[in-house]
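Dumped upload-v6.txt below, it's compact mmCIF, C-alpha atoms:
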# COMPACT_ATOMS: atom_id res chain seq x y z
CA MET A 254 113.34 71.30 99.25
CA ASP A 255 113.24 75.02 98.56
CA LEU A 256 116.65 76.43 97.82
CA VAL A 257 116.11 79.23 100.32
CA GLN A 258 115.83 76.57 103.02
CA ALA A 259 119.16 74.95 102.27
CA ASN A 260 121.95 74.99 104.79
CA LEU A 261 124.26 77.91 103.99
CA GLU A 262 127.38 75.72 104.08
CA ASP A 263 125.79 73.29 101.63
CA LEU A 264 124.80 76.19 99.40
CA GLU A 265 128.35 77.56 99.44
CA GLN A 266 129.81 74.17 98.56
CA PHE A 267 127.25 73.70 95.79
CA GLN A 268 127.90 77.18 94.41
CA GLY A 269 131.66 76.59 94.40
CA LEU A 270 131.28 73.33 92.45
CA LEU A 271 128.74 74.82 90.08
CA ALA A 272 130.97 77.80 89.34
CA ASN A 273 133.66 75.39 88.07
CA ALA A 274 131.40 72.75 86.58
CA GLY A 275 130.72 74.46 83.26
CA ALA A 276 134.38 75.20 82.64
CA MET A 277 135.42 71.66 83.62
CA VAL A 278 132.84 70.05 81.34
CA GLN A 279 133.89 72.22 78.41
CA GLU A 280 137.55 71.49 79.04
CA ILE A 281 136.99 67.72 79.07
CA HIS A 282 134.89 68.02 75.92
CA GLN A 283 137.66 69.95 74.17
CA VAL A 284 140.31 67.42 75.19
CA LEU A 285 138.11 64.57 73.99
CA GLY A 286 137.45 66.42 70.73
CA THR A 287 141.17 66.91 70.10
CA LEU A 288 141.87 63.24 70.86
CA LEU A 289 138.95 62.17 68.70
CA ASP A 290 140.32 64.17 65.74
CA ARG A 291 143.64 62.38 66.16
CA MET A 292 142.01 58.97 66.59
CA SER A 293 139.86 59.53 63.50
CA GLN A 294 142.94 59.12 61.32
CA ASP A 295 143.19 55.46 62.39
CA TRP A 296 139.67 54.60 63.62
CA LYS A 297 137.43 54.37 60.59
CA ASP A 298 134.62 51.88 61.18
CA ALA A 299 130.86 52.20 61.70
CA GLU A 300 131.24 52.52 65.48
CA HIS A 301 133.48 55.54 64.94
CA ASP A 302 130.80 57.24 62.86
CA ARG A 303 128.15 56.54 65.49
CA PHE A 304 130.43 57.87 68.24
CA VAL A 305 131.17 61.07 66.31
CA GLY A 306 127.40 61.58 65.89
CA ALA A 307 126.86 61.15 69.61
CA PHE A 308 129.79 63.44 70.38
CA LEU A 309 128.50 66.23 68.18
CA SER A 310 124.96 66.05 69.54
CA ALA A 311 126.37 66.17 73.09
CA GLU A 312 128.33 69.26 72.19
CA SER A 313 125.32 71.57 72.07
CA ALA A 314 123.84 70.09 75.26
CA LEU A 315 127.12 70.53 77.11
CA GLY A 316 127.37 74.11 75.90
CA ALA A 317 123.89 74.82 77.21
CA PHE A 318 124.79 73.19 80.54
CA ALA A 319 127.95 75.29 80.84
CA GLN A 320 125.91 78.43 80.26
CA SER A 321 123.21 77.37 82.72
CA SER A 322 125.71 76.43 85.41
CA GLU A 323 127.21 79.90 85.15
CA THR A 324 123.78 81.56 85.42
CA TYR A 325 122.71 79.43 88.39
CA SER A 326 126.06 79.81 90.08
CA ARG A 327 125.56 83.58 90.06
CA TYR A 328 121.99 83.15 91.36
CA VAL A 329 123.10 80.91 94.24
CA GLN A 330 125.96 83.27 95.06
CA ARG A 331 123.53 86.17 95.29
CA LEU A 332 121.19 84.09 97.44
CA ILE A 333 124.06 83.27 99.82
CA GLN A 334 125.11 86.90 100.05
CA ASP A 335 121.55 88.10 100.62
CA LEU A 336 120.90 85.49 103.31
CA GLU A 337 124.17 86.23 105.09
CA GLU A 338 123.39 89.92 104.99
CA TYR A 339 119.94 89.34 106.48
CA LEU A 340 121.15 86.91 109.15
CA SER A 341 123.72 89.43 110.34
CA THR A 342 120.86 91.75 111.28
CA THR A 343 118.90 89.23 113.33
CA LEU A 344 119.57 89.10 117.04
CA ARG A 345 119.26 85.41 117.70
CA TYR A 346 118.98 82.48 115.42
CA ASP A 347 119.76 78.83 115.44
CA SER A 348 121.97 77.89 112.51
CA ALA A 349 120.44 74.44 112.30
CA THR A 350 118.22 73.86 109.30
CA SER A 351 114.51 73.35 109.57
CA GLY A 352 112.56 70.35 110.66
CA ALA A 353 112.85 70.97 114.37
CA VAL A 354 110.04 72.65 116.24
CA PHE A 355 110.55 75.96 117.95
CA ARG A 356 112.33 75.66 121.25
CA SER A 357 110.05 75.22 124.19
CA SER A 358 109.59 78.13 126.50
CA ALA A 359 107.73 78.84 129.71
CA ASP A 360 106.92 82.27 128.34
CA TRP A 361 103.17 82.25 127.64
CA HIS A 362 103.33 85.24 125.29
CA ARG A 363 106.07 83.63 123.27
CA ASP A 364 104.21 80.31 123.08
CA LEU A 365 101.22 82.12 121.61
CA VAL A 366 103.41 84.02 119.19
CA ARG A 367 105.12 80.79 118.13
CA ARG A 368 101.73 79.52 116.98
CA ASP A 369 101.23 82.72 115.00
CA VAL A 370 104.74 82.39 113.56
CA GLN A 371 104.19 78.81 112.42
CA HIS A 372 100.90 79.83 110.84
CA ALA A 373 102.52 82.73 108.97
CA VAL A 374 105.43 80.57 107.81
CA GLY A 375 102.86 78.10 106.43
CA ILE A 376 101.15 80.90 104.49
CA LEU A 377 104.33 82.43 103.09
CA GLN A 378 106.51 79.39 102.50
CA PRO A 379 104.83 78.47 99.20
CA ILE A 380 105.19 81.96 97.69
CA VAL A 381 108.42 83.49 98.98
CA PRO A 382 110.99 81.34 97.10
CA ASN A 383 109.41 82.24 93.75
CA LEU A 384 109.14 85.87 94.78
CA TYR A 385 112.84 85.88 95.66
CA SER A 386 113.87 84.36 92.35
CA GLU A 387 111.95 86.96 90.31
CA TRP A 388 112.71 89.92 92.62
CA SER A 389 115.63 91.38 90.68
CA SER A 390 113.63 91.44 87.44
CA LEU A 391 110.67 93.33 88.93
CA THR A 392 110.19 97.09 88.90
CA PRO A 393 109.68 98.84 92.27
CA ALA A 394 105.97 99.19 91.45
CA GLU A 395 105.71 95.47 90.69
CA ARG A 396 107.56 94.65 93.91
CA LEU A 397 105.14 96.77 95.87
CA GLU A 398 102.24 94.96 94.24
CA LYS A 399 103.72 91.56 95.13
CA LEU A 400 104.37 92.65 98.72
CA GLN A 401 100.81 93.95 98.96
CA ASP A 402 99.69 90.47 97.96
CA VAL A 403 101.86 88.97 100.73
CA GLN A 404 100.33 91.36 103.27
CA SER A 405 96.80 90.62 102.05
CA ARG A 406 97.36 86.88 102.35
CA LEU A 407 98.70 87.24 105.88
CA ALA A 408 95.80 89.45 106.93
CA ALA A 409 93.18 87.21 105.28
CA SER A 410 94.64 84.13 106.97
CA GLN A 411 94.03 85.86 110.30
CA SER A 412 90.53 87.09 109.38
CA ARG A 413 91.42 90.75 109.52
CA SER A 414 91.40 93.43 106.89
CA SER A 415 94.45 94.14 104.77
CA VAL A 416 96.00 97.59 104.87
CA PRO A 417 97.34 99.62 101.94
CA LEU A 418 101.07 99.38 101.31
CA VAL A 419 102.94 102.41 99.99
CA SER A 420 106.58 103.29 99.43
CA SER A 421 107.82 106.55 100.91
CA PRO A 422 111.09 108.49 101.00
CA MET A 423 112.85 107.75 104.29
CA GLY A 424 116.28 108.05 105.87
CA VAL A 425 118.76 105.30 105.11
CA SER A 426 118.24 103.66 108.52
CA ASP A 427 114.46 103.97 108.55
CA PHE A 428 112.87 100.77 107.31
CA GLY A 429 109.14 101.25 107.69
CA VAL A 430 106.18 102.88 109.37
CA TYR A 431 102.74 101.73 110.42
CA ASP A 432 100.45 104.68 111.04
CA GLY A 433 97.17 102.98 111.79
CA ARG A 434 95.92 103.31 108.22
CA GLN A 435 98.73 102.07 106.02
CA ILE A 436 102.15 100.49 105.93
CA GLN A 437 104.99 102.53 104.49
CA VAL A 438 108.25 100.98 103.32
CA ASN A 439 111.46 102.77 102.44
CA GLN A 440 111.35 103.52 98.70
CA ASP A 441 115.14 103.24 98.34
CA HIS A 442 115.06 99.78 99.92
CA LEU A 443 112.27 98.80 97.56
CA ALA A 444 114.29 100.03 94.58
CA SER A 445 117.31 97.92 95.53
CA SER A 446 117.30 94.36 94.22
CA GLU A 447 119.66 93.30 97.02
CA ARG A 448 117.42 94.00 100.00
CA PHE A 449 114.77 91.34 99.47
CA TRP A 450 115.01 89.72 102.91
CA GLU A 451 115.18 93.03 104.73
CA ILE A 452 112.11 94.37 102.99
CA LEU A 453 110.22 91.12 103.52
CA ASP A 454 111.13 91.33 107.22
CA THR A 455 109.98 94.97 107.30
CA LEU A 456 106.67 94.13 105.67
CA ILE A 457 105.99 91.32 108.16
CA HIS A 458 107.13 93.57 111.02
CA GLU A 459 104.80 96.42 110.04
CA ASP A 460 102.00 93.97 109.38
CA ARG A 461 102.48 92.69 112.93
CA HIS A 462 101.84 96.25 114.12
CA ALA A 463 98.66 96.19 112.03
CA TYR A 464 97.78 92.92 113.79
CA GLN A 465 98.42 94.57 117.17
CA HIS A 466 96.22 97.50 116.15
CA TRP A 467 93.46 95.14 115.06
CA SER A 468 93.74 93.38 118.42
CA LEU A 469 93.32 96.68 120.25
CA ILE A 470 90.05 97.56 118.52
CA THR A 471 88.65 94.02 118.26
CA PRO A 472 88.06 92.52 121.72
CA GLY A 473 88.87 88.82 121.84
CA PHE A 474 90.79 88.80 118.55
CA HIS A 475 94.15 88.13 120.21
CA SER A 476 93.91 85.33 122.73
CA ASP A 477 96.08 86.89 125.43
CA PRO A 478 94.29 89.89 127.00
CA GLY A 479 97.35 90.72 129.13
CA GLN A 480 99.45 91.18 126.04
CA VAL A 481 96.76 93.32 124.41
CA ARG A 482 96.71 95.56 127.50
CA ALA A 483 100.52 95.85 127.31
CA TRP A 484 100.27 96.82 123.62
CA ALA A 485 97.55 99.39 124.37
CA ASP A 486 99.59 100.96 127.15
CA ASN A 487 102.69 100.97 124.97
CA TRP A 488 100.80 102.55 122.08
CA GLU A 489 99.94 105.45 124.38
CA ASN A 490 103.52 105.70 125.67
CA TYR A 491 105.48 104.69 122.60
CA LEU A 492 109.26 105.15 122.83
CA ASP A 493 110.62 106.64 119.63
CA PRO A 494 114.07 105.36 118.60
CA LYS A 495 115.20 108.93 118.04
CA GLU A 496 114.68 109.61 121.75
CA VAL A 497 115.79 106.43 123.48
CA PRO A 498 118.57 103.87 122.98
CA PHE A 499 117.73 101.02 120.63
CA ARG A 500 117.80 98.42 123.40
CA ARG A 501 114.91 100.17 125.14
CA TYR A 502 113.09 100.93 121.88
CA ARG A 503 113.28 97.30 120.82
CA SER A 504 112.25 95.93 124.19
CA GLN A 505 108.96 97.87 124.47
CA PRO A 506 105.96 95.50 124.07
CA THR A 507 104.84 96.48 120.55
CA GLU A 508 108.35 96.46 119.06
CA ASN A 509 109.57 93.43 120.98
CA ASP A 510 106.63 91.45 119.62
CA ALA A 511 107.01 92.81 116.07
CA PHE A 512 110.78 92.29 115.87
CA TRP A 513 110.55 88.78 117.30
CA PHE A 514 107.61 87.85 115.12
CA ALA A 515 109.03 89.12 111.82
CA GLU A 516 112.50 87.69 112.39
CA SER A 517 111.01 84.35 113.41
CA VAL A 518 108.81 84.18 110.31
CA VAL A 519 111.66 85.03 107.91
CA LEU A 520 114.00 82.63 109.69
CA GLY A 521 111.27 79.99 109.51
CA ILE A 522 110.89 80.55 105.77
CA ILE A 523 114.62 80.04 105.24
CA GLY A 524 114.64 77.01 107.51
CA ARG A 525 116.05 78.39 110.70
CA ASN A 526 114.70 78.61 114.20
CA HIS A 527 114.56 81.71 116.31
CA VAL A 528 116.18 81.26 119.68
CA GLY A 529 115.18 83.34 122.65
CA MET B 39 126.70 120.61 136.04
CA SER B 40 126.58 119.00 139.47
CA ASP B 41 129.50 117.78 141.54
CA ARG B 42 127.73 114.45 142.24
CA PRO B 43 130.04 111.42 142.30
CA SER B 44 128.59 110.07 139.06
CA GLY B 45 129.36 113.34 137.31
CA LEU B 46 125.77 113.47 136.12
CA PRO B 47 123.30 116.30 136.61
CA LEU B 48 120.23 115.80 138.80
CA ALA B 49 117.33 113.89 137.29
CA GLU B 50 115.13 117.00 137.40
CA GLU B 51 117.75 118.99 135.48
CA ILE B 52 117.99 116.29 132.83
CA MET B 53 114.20 116.06 132.53
CA LYS B 54 113.88 119.82 132.09
CA ARG B 55 116.63 120.13 129.46
CA LEU B 56 115.47 117.13 127.47
CA ARG B 57 111.87 118.33 127.48
CA ASP B 58 112.48 122.04 126.98
CA ASP B 59 115.53 122.11 124.73
CA LEU B 60 115.32 118.85 122.80
CA GLY B 61 111.56 118.37 122.63
CA TYR B 62 111.54 115.00 124.34
CA SER B 63 108.30 113.23 125.19
CA LYS B 64 107.78 112.63 128.92
CA GLN B 65 108.22 108.87 128.58
CA GLY B 66 111.32 109.34 126.44
CA ALA B 67 112.97 111.61 129.00
CA GLU B 68 112.06 109.21 131.81
CA ALA B 69 113.62 106.36 129.87
CA ILE B 70 116.87 108.32 129.42
CA ILE B 71 117.04 109.05 133.16
CA ALA B 72 116.45 105.38 133.98
CA GLU B 73 119.11 104.26 131.48
CA LEU B 74 121.64 106.74 132.88
CA ALA B 75 121.17 105.27 136.35
CA THR B 76 122.37 101.85 135.25
CA CYS B 77 124.82 102.49 132.40
CA ARG B 78 128.60 102.00 132.52
CA ASP B 79 130.77 104.73 134.05
CA GLU B 80 132.45 105.59 130.75
CA VAL B 81 129.01 106.21 129.22
CA LYS B 82 128.08 108.45 132.16
CA LYS B 83 131.28 110.40 131.50
CA ALA B 84 130.41 110.69 127.81
CA PHE B 85 126.96 111.99 128.75
CA ALA B 86 128.52 114.49 131.16
CA ALA B 87 130.89 115.70 128.41
CA TRP B 88 127.94 116.28 126.08
CA TRP B 89 126.00 118.01 128.85
CA VAL B 90 128.82 120.50 129.47
CA ASP B 91 130.16 121.30 126.03
CA GLY B 92 128.03 119.39 123.52
CA ARG B 93 130.78 116.96 122.51
CA LEU B 94 129.64 113.61 121.09
CA ASP B 95 133.02 112.15 120.18
CA THR B 96 134.57 111.45 123.58
CA LEU B 97 133.79 107.72 123.63
CA GLU B 98 134.18 105.20 120.82
CA VAL B 99 132.86 101.64 121.07
CA GLU B 100 133.07 99.05 118.29
CA GLY B 101 133.89 101.82 115.82
CA TRP B 102 130.84 103.87 116.80
CA THR B 103 130.75 107.26 118.51
CA ALA B 104 127.59 109.04 119.59
CA GLN B 105 128.27 111.49 116.78
CA LYS B 106 128.24 108.71 114.17
CA ILE B 107 125.11 107.11 115.62
CA SER B 108 123.35 110.46 115.70
CA GLU B 109 124.24 111.19 112.08
CA ARG B 110 123.36 107.73 110.82
CA PHE B 111 120.08 107.23 112.67
CA GLY B 112 119.00 110.78 113.44
CA CYS B 113 119.04 110.01 117.16
CA LEU B 114 118.98 112.83 119.66
CA PRO B 115 122.30 113.11 121.57
CA PRO B 116 121.21 111.38 124.83
CA ALA B 117 119.89 108.37 122.89
CA ALA B 118 123.01 108.24 120.73
CA ILE B 119 125.28 108.27 123.80
CA LEU B 120 123.31 105.55 125.58
CA ASN B 121 123.45 103.33 122.51
CA LEU B 122 127.17 103.06 123.28
CA ASP B 123 126.26 101.32 126.54
CA TRP B 124 124.52 98.54 124.60
CA LEU B 125 127.57 98.23 122.36
CA LEU B 126 129.69 97.86 125.50
CA THR B 127 127.52 95.29 127.25
CA GLU B 128 126.03 93.26 124.37
CA PRO B 129 128.13 94.05 121.30
CA ILE B 130 126.79 91.31 119.04
CA ALA B 131 123.14 92.17 119.61
CA ALA B 132 123.84 95.89 119.44
CA ARG B 133 125.78 95.62 116.19
CA ALA B 134 122.96 93.59 114.63
CA ALA B 135 120.41 96.16 115.76
CA LEU B 136 122.48 99.04 114.38
CA GLN B 137 122.76 97.25 111.08
CA ARG B 138 119.02 96.51 110.99
CA GLY B 139 117.86 100.09 111.49
CA VAL B 140 114.49 101.09 112.89
CA ASP B 141 110.82 101.37 112.14
CA ARG B 142 108.10 103.36 113.81
CA ILE B 143 104.47 103.26 114.64
CA VAL B 144 102.63 106.55 114.67
CA PRO B 145 100.58 106.28 117.84
CA GLU B 146 98.26 109.24 117.45
CA LYS B 147 96.87 107.91 114.19
CA ALA B 148 96.92 104.31 115.22
CA TRP B 149 93.64 104.58 117.06
CA THR B 150 91.66 105.51 114.00
CA LYS B 151 89.27 102.92 112.70
CA PRO B 152 90.99 100.58 110.22
CA PRO B 153 89.57 99.95 106.75
CA GLU B 154 86.54 97.68 106.58
CA LEU B 155 87.14 93.97 106.55
CA ASN B 156 87.86 92.99 102.96

Reformat the file's structure so that it appears as structure tokens.
Amino acid sequence: MDLVQANLEDLEQFQGLLANAGAMVQEIHQVLGTLLDRMSQDWKDAEHDRFVGAFLSAESALGAFAQSSETYSRYVQRLIQDLEEYLSTTLRYDSATSGAVFRSSADWHRDLVRRDVQHAVGILQPIVPNLYSEWSSLTPAERLEKLQDVQSRLAASQSRSSVPLVSSPMGVSDFGVYDGRQIQVNQDHLASSERFWEILDTLIHEDRHAYQHWSLITPGFHSDPGQVRAWADNWENYLDPKEVPFRRYRSQPTENDAFWFAESVVLGIIGRNHVG
Amino acid sequence: MSDRPSGLPLAEEIMKRLRDDLGYSKQGAEAIIAELATCRDEVKKAFAAWWVDGRLDTLEVEGWTAQKISERFGCLPPAAILNLDWLLTEPIAARAALQRGVDRIVPEKAWTKPPELN
């Protein structure tokens, strides 16, 4: 199981135990060492010598374990914090872990999108956990390169062309832009090692706009012509979030689809189901 | 300012001011008028207060005022005020959305031909 798919409560419990494990192991080792020193005054046979040999060779292994447990405890703690941060920005999600299929719905659009979501989760699931674990050690330029690879894989899996990905200066609440030629992501978000899930969501969201665009200029590409007409009409009458309340901005056809799609894919990657 | 029971100006007055003074798109102004028709009374009052004297701090919901929303997200005043209605009616969803921030598509360029299939 990928760690990013673990239940958050399980992760928290594991992290709590791991944080103490190294210290506990070292403490027991020290107590045993002290007792062994005392025992050595009376215990002087061949078994004693063998035990001391085993004890000393265990010492270095236990030290390495204590160090590793501290490192991984910090990693899991960061993962928990990052996931909680991301989940607080999603509108609806089922806290149950993965394995279940998406909830059934009479909504034809949503049923089609669910297929797209499952496909995208299948493409990204093998690469995202490794990307997350190396994220903090990458430079912004390297992160951009990795995200471009994610976008290219998504596009190729849907037989459409990839689009260039660039980072641009934006306001603190602006996450991304799709302008018909390229995807822009917020350069400050890219520079932060703590916004992995947000920026992954943004990339998938903007790529969904690229998918919508491709559908508009490629008849038959998207299998629901009614939805394509709604996107086309919305593209001509797009509601900018500076002008209208967020509820209306998010409920327009292009944004509703992109928000739902991106959140569902990220939630799918971390083993949760989108509800709604 | 009209003396209509809602305390709101006429739709035509709102359309004109939003378009002429704030540079609203037609669809954006229409959306504001539609939202005003269905929002809570306290939000209508907040809109009326802004209309008369430009104040954006007369209503606070979940720690947010229209002033704060406008500063944080760069929203124009009518949009900032009407975001308070979402915070009143669906606070969990609205808080999540405010935390998430926004993205944009740029419609006028979106119709250009995309790069060739790789």

### Message
What are the residues of chain A lining chain B at 8 Å or less? Count only C-alpha atoms, and put the answer as a VMD selection string.
### Response
chain A and resid 341 to 344 413 to 416 424 to 434 462 466 to 467 470 488 to 501

Let me see the file: selected residues, C-alpha atoms, as a CSV table (one decimal), keeping the file's coordinate frame.
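Written file, again06.csv:
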chain,number,residue,atom,x,y,z
A,341,SER,CA,123.7,89.4,110.3
A,342,THR,CA,120.9,91.8,111.3
A,343,THR,CA,118.9,89.2,113.3
A,344,LEU,CA,119.6,89.1,117.0
A,413,ARG,CA,91.4,90.8,109.5
A,414,SER,CA,91.4,93.4,106.9
A,415,SER,CA,94.4,94.1,104.8
A,416,VAL,CA,96.0,97.6,104.9
A,424,GLY,CA,116.3,108.0,105.9
A,425,VAL,CA,118.8,105.3,105.1
A,426,SER,CA,118.2,103.7,108.5
A,427,ASP,CA,114.5,104.0,108.6
A,428,PHE,CA,112.9,100.8,107.3
A,429,GLY,CA,109.1,101.2,107.7
A,430,VAL,CA,106.2,102.9,109.4
A,431,TYR,CA,102.7,101.7,110.4
A,432,ASP,CA,100.4,104.7,111.0
A,433,GLY,CA,97.2,103.0,111.8
A,434,ARG,CA,95.9,103.3,108.2
A,462,HIS,CA,101.8,96.2,114.1
A,466,HIS,CA,96.2,97.5,116.2
A,467,TRP,CA,93.5,95.1,115.1
A,470,ILE,CA,90.0,97.6,118.5
A,488,TRP,CA,100.8,102.6,122.1
A,489,GLU,CA,99.9,105.4,124.4
A,490,ASN,CA,103.5,105.7,125.7
A,491,TYR,CA,105.5,104.7,122.6
A,492,LEU,CA,109.3,105.2,122.8
A,493,ASP,CA,110.6,106.6,119.6
A,494,PRO,CA,114.1,105.4,118.6
A,495,LYS,CA,115.2,108.9,118.0
A,496,GLU,CA,114.7,109.6,121.8
A,497,VAL,CA,115.8,106.4,123.5
A,498,PRO,CA,118.6,103.9,123.0
A,499,PHE,CA,117.7,101.0,120.6
A,500,ARG,CA,117.8,98.4,123.4
A,501,ARG,CA,114.9,100.2,125.1

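Here atom CA of B:Asp59 stands at a distance of 24.4 Å from atom CA of B:Glu80.
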
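Interatomic distance, atom CA of A:Arg291 to atom CA of A:Glu312: 17.8 Å.
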
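Minimum atom-to-atom distances from A:Met292, A:Val284, A:Ile333, A:Ala317 to A:Phe267 were compared using only C-alpha atoms, and the lowest value belongs to A:Ile333.
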
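You can rank A:Ser476, A:Arg368, A:Gln279, A:Leu332 by their closest distance to A:Glu265 using all atoms listed in the file, and at the top of that list sits A:Leu332.
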
Using the structure block above, produce a file of stretch 115-132 of chain B that contains N, CA and C atoms, as a short mmCIF file (atom, residue, chain, number, x, y, z; two decimals), in the first residue's frame.
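Result file is decode19.cif:
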data_model
loop_
_atom_site.label_atom_id
_atom_site.label_comp_id
_atom_site.auth_asym_id
_atom_site.auth_seq_id
_atom_site.Cartn_x
_atom_site.Cartn_y
_atom_site.Cartn_z
N PRO B 115 -16.09 44.91 -5.14
CA PRO B 115 -16.96 44.97 -3.95
C PRO B 115 -18.26 44.15 -4.03
N PRO B 116 -19.01 44.20 -5.15
CA PRO B 116 -20.26 43.42 -5.16
C PRO B 116 -20.01 41.91 -4.98
N ALA B 117 -18.95 41.41 -5.61
CA ALA B 117 -18.63 39.98 -5.47
C ALA B 117 -18.21 39.67 -4.04
N ALA B 118 -17.41 40.56 -3.47
CA ALA B 118 -16.94 40.34 -2.09
C ALA B 118 -18.14 40.30 -1.13
N ILE B 119 -19.07 41.21 -1.30
CA ILE B 119 -20.25 41.25 -0.41
C ILE B 119 -21.07 39.98 -0.57
N LEU B 120 -21.28 39.55 -1.80
CA LEU B 120 -22.13 38.36 -2.02
C LEU B 120 -21.44 37.06 -1.60
N ASN B 121 -20.12 37.09 -1.47
CA ASN B 121 -19.46 35.90 -0.91
C ASN B 121 -19.88 35.68 0.54
N LEU B 122 -20.29 36.75 1.22
CA LEU B 122 -20.75 36.60 2.60
C LEU B 122 -22.03 35.79 2.66
N ASP B 123 -22.83 35.85 1.60
CA ASP B 123 -24.07 35.08 1.58
C ASP B 123 -23.78 33.58 1.57
N TRP B 124 -22.72 33.19 0.84
CA TRP B 124 -22.34 31.76 0.81
C TRP B 124 -21.85 31.34 2.19
N LEU B 125 -21.09 32.24 2.83
CA LEU B 125 -20.61 31.92 4.18
C LEU B 125 -21.77 31.77 5.17
N LEU B 126 -22.84 32.52 4.92
CA LEU B 126 -24.02 32.42 5.80
C LEU B 126 -24.79 31.12 5.55
N THR B 127 -24.93 30.75 4.30
CA THR B 127 -25.82 29.63 3.97
C THR B 127 -25.10 28.27 3.94
N GLU B 128 -23.85 28.26 3.50
CA GLU B 128 -23.10 26.99 3.44
C GLU B 128 -21.68 27.25 3.96
N PRO B 129 -21.56 27.46 5.27
CA PRO B 129 -20.25 27.90 5.79
C PRO B 129 -19.11 26.93 5.55
N ILE B 130 -19.37 25.64 5.62
CA ILE B 130 -18.26 24.69 5.45
C ILE B 130 -17.72 24.74 4.03
N ALA B 131 -18.63 24.68 3.06
CA ALA B 131 -18.20 24.73 1.66
C ALA B 131 -17.55 26.06 1.34
N ALA B 132 -18.13 27.13 1.86
CA ALA B 132 -17.59 28.47 1.56
C ALA B 132 -16.20 28.64 2.16
#
